[in-house]
Amino acid sequence: MATKIRLQRHGRKGYAYYHIVIADERAPRDGRIIERVGAYNPNTNPATVDLNFDKALAWVMNGAQPTDTVRNILSEQGVMLMKHLLGGVKKGAFTQEVADKKFAEWKEKKAKDAAKLADKLAADKKSKAAARLKAEEAVNAAKAKVVAEKKAAAMEALEAAAKEAAAEAAEAEAEAKGEAPVEEAAPAAEAPAAE
């Protein structure tokens, strides 16, 4: 029976995550599996891989063929490198200690690269947030200017209305004090002339 290491799809539409499984190569994608050796979530940045290194290595050493995507995942996790190093030990090219040392160096370099990537992503996120904040401040300043102009226009209109009201009140007060325009006196009734 030929075995494959492949992905088994899970999750909802548009947000898939995968189990890394060992299955018979004739089984359908989401069909019967022999063993689950990990999980792969491409929805995070960077993609999250949870892999049982020892089980995956044992299956690869026993001849399980990974699909292209799973081969990339296993290479990223170091399974394929360890298989290569163990093949060198088996052939007598170098000892197990040398293989372990090479793998440790590779892991250390990989960890540094991952830390650099995480720092770069954090810096990018921070700069994008700062740019969004700056843009939002510019929009808020423009809105504040428009609001200030409207308030100034409203205050001017209010002051003009107040001046008009004060002028009308002054006129009314002046009229009340008797400085009002003189009304035409009604003509006195002419008395009949005495003869």
# chains A, B, ... in the order shown; residues from 1 in each chain; ligands from 1

$ closest_atom_pairs --of "region 46-81 of chain A" --to "region 97-114 of chain A" --cutoff "9 Å" --atoms "only C-alpha atoms" --output "JSON lines"
{"residue": "A:Glu76", "atom": "CA", "partner": "A:Lys110", "partner_atom": "CA", "distance": 8.8}
{"residue": "A:Gln77", "atom": "CA", "partner": "A:Lys107", "partner_atom": "CA", "distance": 8.9}
{"residue": "A:Gly78", "atom": "CA", "partner": "A:Lys107", "partner_atom": "CA", "distance": 7.8}
{"residue": "A:Leu81", "atom": "CA", "partner": "A:Phe103", "partner_atom": "CA", "distance": 7.6}

$ write_last_selection --atoms "N, CA and C atoms" --output "short mmCIF file (atom, residue, chain, number, x, y, z; two decimals), in the first residue's frame"
data_model
loop_
_atom_site.label_atom_id
_atom_site.label_comp_id
_atom_site.auth_asym_id
_atom_site.auth_seq_id
_atom_site.Cartn_x
_atom_site.Cartn_y
_atom_site.Cartn_z
N GLU A 76 9.99 23.55 5.43
CA GLU A 76 10.02 24.71 6.33
C GLU A 76 10.22 24.27 7.77
N GLN A 77 9.68 23.14 8.14
CA GLN A 77 9.78 22.65 9.52
C GLN A 77 11.07 21.86 9.76
N GLY A 78 11.81 21.52 8.71
CA GLY A 78 13.09 20.83 8.86
C GLY A 78 13.02 19.32 8.74
N LEU A 81 15.14 18.18 5.73
CA LEU A 81 16.57 18.33 6.02
C LEU A 81 17.04 17.19 6.93
#

$ residues_around --residues "region 16-31 of chain A" --least-positions-apart "3" --cutoff "8 Å" --atoms "only C-alpha atoms" --output "list in words"
Met1, Ala2, Thr3, Lys4, Ile5, Arg6, Leu7, Gln8, Arg9, His10, Gly11, Arg12, Lys13, Ile34, Glu35, Arg36, Val37, Gly38, Ala39, Tyr40, Asn41, Pro42, Asn43, Leu51, Ala64 and Val70 of chain A

$ write_last_selection --atoms "N, CA and C atoms" --output "mmCIF file, in the first residue's frame"
data_model
loop_
_atom_site.group_PDB
_atom_site.id
_atom_site.type_symbol
_atom_site.label_atom_id
_atom_site.label_comp_id
_atom_site.auth_asym_id
_atom_site.auth_seq_id
_atom_site.Cartn_x
_atom_site.Cartn_y
_atom_site.Cartn_z
ATOM 1 N N MET A 1 0.845 -1.176 0.000
ATOM 2 C CA MET A 1 0.000 0.000 0.000
ATOM 3 C C MET A 1 0.889 1.237 0.000
ATOM 4 N N ALA A 2 0.685 2.097 -0.981
ATOM 5 C CA ALA A 2 1.451 3.339 -1.070
ATOM 6 C C ALA A 2 0.782 4.402 -0.211
ATOM 7 N N THR A 3 1.570 5.073 0.592
ATOM 8 C CA THR A 3 1.002 6.099 1.479
ATOM 9 C C THR A 3 1.455 7.484 1.042
ATOM 10 N N LYS A 4 0.592 8.441 1.319
ATOM 11 C CA LYS A 4 0.856 9.843 1.003
ATOM 12 C C LYS A 4 0.757 10.650 2.280
ATOM 13 N N ILE A 5 1.538 11.710 2.344
ATOM 14 C CA ILE A 5 1.345 12.722 3.385
ATOM 15 C C ILE A 5 0.700 13.888 2.656
ATOM 16 N N ARG A 6 -0.521 14.219 3.071
ATOM 17 C CA ARG A 6 -1.226 15.274 2.346
ATOM 18 C C ARG A 6 -2.105 16.085 3.285
ATOM 19 N N LEU A 7 -2.764 17.086 2.699
ATOM 20 C CA LEU A 7 -3.633 17.973 3.467
ATOM 21 C C LEU A 7 -5.072 17.484 3.383
ATOM 22 N N GLN A 8 -5.778 17.604 4.497
ATOM 23 C CA GLN A 8 -7.195 17.282 4.554
ATOM 24 C C GLN A 8 -7.922 18.566 4.950
ATOM 25 N N ARG A 9 -8.830 19.031 4.075
ATOM 26 C CA ARG A 9 -9.458 20.339 4.256
ATOM 27 C C ARG A 9 -10.504 20.335 5.368
ATOM 28 N N HIS A 10 -10.504 21.434 6.138
ATOM 29 C CA HIS A 10 -11.517 21.667 7.167
ATOM 30 C C HIS A 10 -11.841 23.153 7.164
ATOM 31 N N GLY A 11 -12.854 23.551 7.903
ATOM 32 C CA GLY A 11 -13.192 24.965 8.017
ATOM 33 C C GLY A 11 -14.307 25.359 7.082
ATOM 34 N N ARG A 12 -14.704 26.622 7.204
ATOM 35 C CA ARG A 12 -15.821 27.110 6.399
ATOM 36 C C ARG A 12 -15.335 27.671 5.076
ATOM 37 N N LYS A 13 -16.279 27.997 4.226
ATOM 38 C CA LYS A 13 -15.968 28.533 2.906
ATOM 39 C C LYS A 13 -15.210 29.853 3.047
ATOM 40 N N ILE A 34 -4.918 7.343 7.806
ATOM 41 C CA ILE A 34 -4.206 6.399 8.672
ATOM 42 C C ILE A 34 -3.826 7.088 9.981
ATOM 43 N N GLU A 35 -3.284 8.325 9.869
ATOM 44 C CA GLU A 35 -2.852 9.039 11.065
ATOM 45 C C GLU A 35 -2.779 10.533 10.764
ATOM 46 N N ARG A 36 -3.069 11.323 11.776
ATOM 47 C CA ARG A 36 -2.936 12.780 11.658
ATOM 48 C C ARG A 36 -1.622 13.186 12.311
ATOM 49 N N VAL A 37 -0.777 13.930 11.572
ATOM 50 C CA VAL A 37 0.528 14.314 12.107
ATOM 51 C C VAL A 37 0.677 15.816 12.334
ATOM 52 N N GLY A 38 -0.339 16.596 11.971
ATOM 53 C CA GLY A 38 -0.214 18.027 12.211
ATOM 54 C C GLY A 38 -1.376 18.816 11.651
ATOM 55 N N ALA A 39 -1.231 20.144 11.719
ATOM 56 C CA ALA A 39 -2.246 21.058 11.210
ATOM 57 C C ALA A 39 -1.561 22.230 10.537
ATOM 58 N N TYR A 40 -2.260 22.802 9.549
ATOM 59 C CA TYR A 40 -1.723 23.933 8.781
ATOM 60 C C TYR A 40 -2.834 24.958 8.614
ATOM 61 N N ASN A 41 -2.588 26.193 9.069
ATOM 62 C CA ASN A 41 -3.579 27.262 8.956
ATOM 63 C C ASN A 41 -2.976 28.403 8.139
ATOM 64 N N PRO A 42 -3.356 28.532 6.856
ATOM 65 C CA PRO A 42 -2.795 29.594 6.017
ATOM 66 C C PRO A 42 -3.462 30.949 6.226
ATOM 67 N N ASN A 43 -4.464 31.036 7.115
ATOM 68 C CA ASN A 43 -5.207 32.276 7.304
ATOM 69 C C ASN A 43 -4.475 33.277 8.186
ATOM 70 N N LEU A 51 3.085 20.771 13.874
ATOM 71 C CA LEU A 51 3.501 19.489 13.303
ATOM 72 C C LEU A 51 4.153 18.619 14.370
ATOM 73 N N ALA A 64 6.669 7.326 2.950
ATOM 74 C CA ALA A 64 5.448 8.069 2.620
ATOM 75 C C ALA A 64 5.827 9.254 1.743
ATOM 76 N N VAL A 70 2.649 19.845 0.979
ATOM 77 C CA VAL A 70 3.125 19.269 2.236
ATOM 78 C C VAL A 70 4.645 19.176 2.227
#

$ select_by_dssp --residues "region 6-143 of chain A" --states "strand (DSSP E)" --output "ChimeraX atom specification"
/A:6-12,15-24,35-41,48-51,65-66

$ residues_around --residues "Leu86 (chain A)" --least-positions-apart "2" --cutoff "12 Å" --atoms "only C-alpha atoms" --output "VMD selection string"
chain A and resid 57 to 58 60 to 61 79 to 84 88 to 100 102 to 103

$ atom_distance --atom1 "CA of Asp50 (chain A)" --atom2 "CA of Arg71 (chain A)"
14.7 Å

$ atom_distance --atom1 "CA of Ala56 (chain A)" --atom2 "CA of Ile33 (chain A)"
14.3 Å

$ atom_distance --atom1 "CA of Tyr15 (chain A)" --atom2 "CA of Ala47 (chain A)"
12.8 Å

$ select_by_dssp --residues "region 2-178 of chain A" --states "alpha helix (DSSP H)" --output "MDAnalysis selection string"
chainID A and resid 53:61 68:77 79:91 96:174

$ write_last_selection --atoms "C-alpha atoms" --output "CSV table (one decimal), in the first residue's frame"
chain,number,residue,atom,x,y,z
A,53,PHE,CA,8.1,16.4,14.0
A,54,ASP,CA,8.9,12.8,15.1
A,55,LYS,CA,5.9,11.2,13.5
A,56,ALA,CA,6.3,13.1,10.3
A,57,LEU,CA,10.0,12.2,10.1
A,58,ALA,CA,9.2,8.5,10.8
A,59,TRP,CA,6.6,8.4,8.0
A,60,VAL,CA,8.9,10.1,5.5
A,61,MET,CA,11.8,7.8,6.4
A,68,ASP,CA,4.0,19.3,-3.2
A,69,THR,CA,2.4,21.6,-0.6
A,70,VAL,CA,3.1,19.3,2.2
A,71,ARG,CA,6.7,18.9,1.0
A,72,ASN,CA,7.1,22.7,1.3
A,73,ILE,CA,5.6,22.6,4.8
A,74,LEU,CA,7.9,19.8,5.8
A,75,SER,CA,10.9,21.6,4.4
A,76,GLU,CA,10.0,24.7,6.3
A,77,GLN,CA,9.8,22.7,9.5
A,79,VAL,CA,11.7,17.3,8.3
A,80,MET,CA,13.2,17.0,4.8
A,81,LEU,CA,16.6,18.3,6.0
A,82,MET,CA,16.6,15.8,8.9
A,83,LYS,CA,15.8,13.0,6.4
A,84,HIS,CA,18.7,14.1,4.2
A,85,LEU,CA,21.0,14.3,7.2
A,86,LEU,CA,19.9,10.8,8.5
A,87,GLY,CA,20.5,9.5,5.0
A,88,GLY,CA,24.1,10.8,5.2
A,89,VAL,CA,24.6,9.2,8.6
A,90,LYS,CA,23.2,5.9,7.2
A,91,LYS,CA,25.7,6.0,4.3
A,96,GLN,CA,25.0,11.5,14.1
A,97,GLU,CA,26.6,14.2,16.2
A,98,VAL,CA,27.6,16.1,13.1
A,99,ALA,CA,24.1,15.7,11.7
A,100,ASP,CA,22.6,17.0,15.0
A,101,LYS,CA,25.0,19.9,15.0
A,102,LYS,CA,24.1,20.9,11.4
A,103,PHE,CA,20.4,20.6,12.2
A,104,ALA,CA,20.8,22.7,15.4
A,105,GLU,CA,22.6,25.4,13.4
A,106,TRP,CA,19.8,25.4,10.8
A,107,LYS,CA,17.2,25.7,13.5
A,108,GLU,CA,19.0,28.6,15.0
A,109,LYS,CA,19.2,30.4,11.7
A,110,LYS,CA,15.5,29.7,11.1
A,111,ALA,CA,14.6,31.1,14.4
A,112,LYS,CA,16.6,34.3,13.7
A,113,ASP,CA,14.9,34.7,10.3
A,114,ALA,CA,11.5,34.2,11.9
A,115,ALA,CA,12.2,36.8,14.6
A,116,LYS,CA,13.3,39.3,11.8
A,117,LEU,CA,10.1,38.6,9.9
A,118,ALA,CA,8.0,39.1,13.1
A,119,ASP,CA,9.8,42.4,13.8
A,120,LYS,CA,9.3,43.5,10.2
A,121,LEU,CA,5.6,42.6,10.3
A,122,ALA,CA,5.2,44.5,13.7
A,123,ALA,CA,7.0,47.5,12.3
A,124,ASP,CA,4.8,47.5,9.2
A,125,LYS,CA,1.7,47.2,11.3
A,126,LYS,CA,2.8,50.1,13.5
A,127,SER,CA,3.7,52.3,10.5
A,128,LYS,CA,0.4,51.6,8.9
A,129,ALA,CA,-1.4,52.4,12.1
A,130,ALA,CA,0.5,55.7,12.4
A,131,ALA,CA,-0.3,56.6,8.7
A,132,ARG,CA,-4.0,55.8,9.4
A,133,LEU,CA,-3.9,58.0,12.5
A,134,LYS,CA,-2.3,60.8,10.6
A,135,ALA,CA,-4.9,60.6,7.8
A,136,GLU,CA,-7.7,60.5,10.4
A,137,GLU,CA,-6.2,63.6,12.1
A,138,ALA,CA,-6.1,65.5,8.8
A,139,VAL,CA,-9.7,64.6,8.1
A,140,ASN,CA,-10.7,65.6,11.6
A,141,ALA,CA,-8.8,68.9,11.2
A,142,ALA,CA,-10.7,69.6,8.0
A,143,LYS,CA,-14.0,68.8,9.6
A,144,ALA,CA,-13.1,71.0,12.6
A,145,LYS,CA,-12.3,73.9,10.2
A,146,VAL,CA,-15.6,73.5,8.4
A,147,VAL,CA,-17.5,73.4,11.8
A,148,ALA,CA,-15.5,76.5,13.0
A,149,GLU,CA,-16.5,78.4,9.9
A,150,LYS,CA,-20.1,77.4,10.3
A,151,LYS,CA,-20.0,78.4,14.0
A,152,ALA,CA,-18.4,81.8,13.0
A,153,ALA,CA,-21.1,82.4,10.4
A,154,ALA,CA,-23.8,81.5,12.9
A,155,MET,CA,-22.2,83.8,15.6
A,156,GLU,CA,-22.0,86.7,13.1
A,157,ALA,CA,-25.7,86.2,12.2
A,158,LEU,CA,-26.6,86.0,15.9
A,159,GLU,CA,-24.6,89.2,16.6
A,160,ALA,CA,-26.3,91.0,13.7
A,161,ALA,CA,-29.7,89.8,15.0
A,162,ALA,CA,-28.7,91.0,18.5
A,163,LYS,CA,-27.7,94.4,17.1
A,164,GLU,CA,-31.0,94.7,15.2
A,165,ALA,CA,-32.9,93.7,18.3
A,166,ALA,CA,-31.0,96.3,20.4
A,167,ALA,CA,-31.7,99.0,17.8
A,168,GLU,CA,-35.4,98.2,17.8
A,169,ALA,CA,-35.4,98.2,21.6
A,170,ALA,CA,-33.7,101.6,21.6
A,171,GLU,CA,-36.3,102.9,19.2
A,172,ALA,CA,-39.1,101.5,21.3
A,173,GLU,CA,-37.7,103.0,24.4
A,174,ALA,CA,-37.3,106.4,22.8
